[in-house]
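First comes the structure, then the notes that go with it.
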Amino acid sequence: MLNMSDLLRGYTDTVILAQLLDGDNYGYEINKAIRHATGGLLELKEATLYTTFRRLESAGCIRSYWGDENTGARRRYYAITPAGRALYRENLADWRSFKAILENLLQGETEYEPED
């Protein structure tokens with residue numbers, strides 16, 4: 001059976017940045033949005049999610065802050081930064097190029113004629 005988590009590896013940063021484009025959010029809700037958008041096929045492990053948050057924050061792509069919840073546990077929210085938006089756009093362009101290459105390879109099409 002295909003392991004969807006293996007397919008997601010390498011795109012985790014981009015997936016999380018995409019979730020933050022619409023606004024600040026916290027880990028559980030981000031993961032829930034990913035599950036919902038994929039019909040439950042993709043879900044990040046908690047360790048992967050929070051490791052990615054730390055990496056993106058260290059790189060200046062996101063920032064975090066504590067929410068001001070009146071009831072329940074305090075939540076750490078994440079917000080995308082201008083550097084994170086730039087990285088998202090760059091990664092998305094890379095993904096589109098890679099996707100086109102894979103589609104050509106898997107459909108047997110080539111852009112060039114091999115030399116004899």
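Labels used: A, B, ... for chains in the order of the structure tokens, numbers from 1 for residues in each chain, and numbers from 1 for ligands as shown.
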
Item to check | Spatial neighbours of range 18-35 of chain A, max dist 10 Å, only C-alpha atoms, sep filter under 2 positions, as a VMD selection string | outcome: chain A and resid 12 to 16 37 to 46 49 to 50 53 62 to 67 75 to 81 84 to 85 88 to 89 92

Checklist entry - Which of chain A counts as strand (DSSP E or B) under DSSP, as a ChimeraX atom specification please? => result /A:25-26,62-66,76-80

Checklist entry - If you run DSSP on this backbone, which residues of chain A come out as alpha helix (DSSP H), and could you give them as a count of residues only? => result 64

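Minimum distance to Gly10 in chain A across A:Gln107, A:Gly72, A:Gly60, A:Thr52 (counting only C-alpha atoms) occurs at A:Thr52.
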
Checklist entry - Which value, in Å to one decimal, gives the distance between CA of Ala59 in chain A and CA of Trp95 in chain A? => result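 The value is 20.3 Å.
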
Next on the checklist: Rounded to one decimal, what separation in Å do you get between CA of Ser58 in chain A and CA of Ala83 in chain A?
Outcome noted: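 Separating CA of Ser58 in chain A from CA of Ala83 in chain A is a distance of 11.5 Å.
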
Item to check | Of the listed residues A:Tyr11, A:Asn70, A:Thr48, A:Arg55, that which approaches Asp94 in chain A most closely, counting only C-alpha atoms | outcome: A:Tyr11

Checklist entry - How many Å lie between CA of Leu8 in chain A and CA of Thr51 in chain A, rounded to one decimal? => result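 According to the coordinates, CA of Leu8 in chain A and CA of Thr51 in chain A are separated by 14.8 Å.
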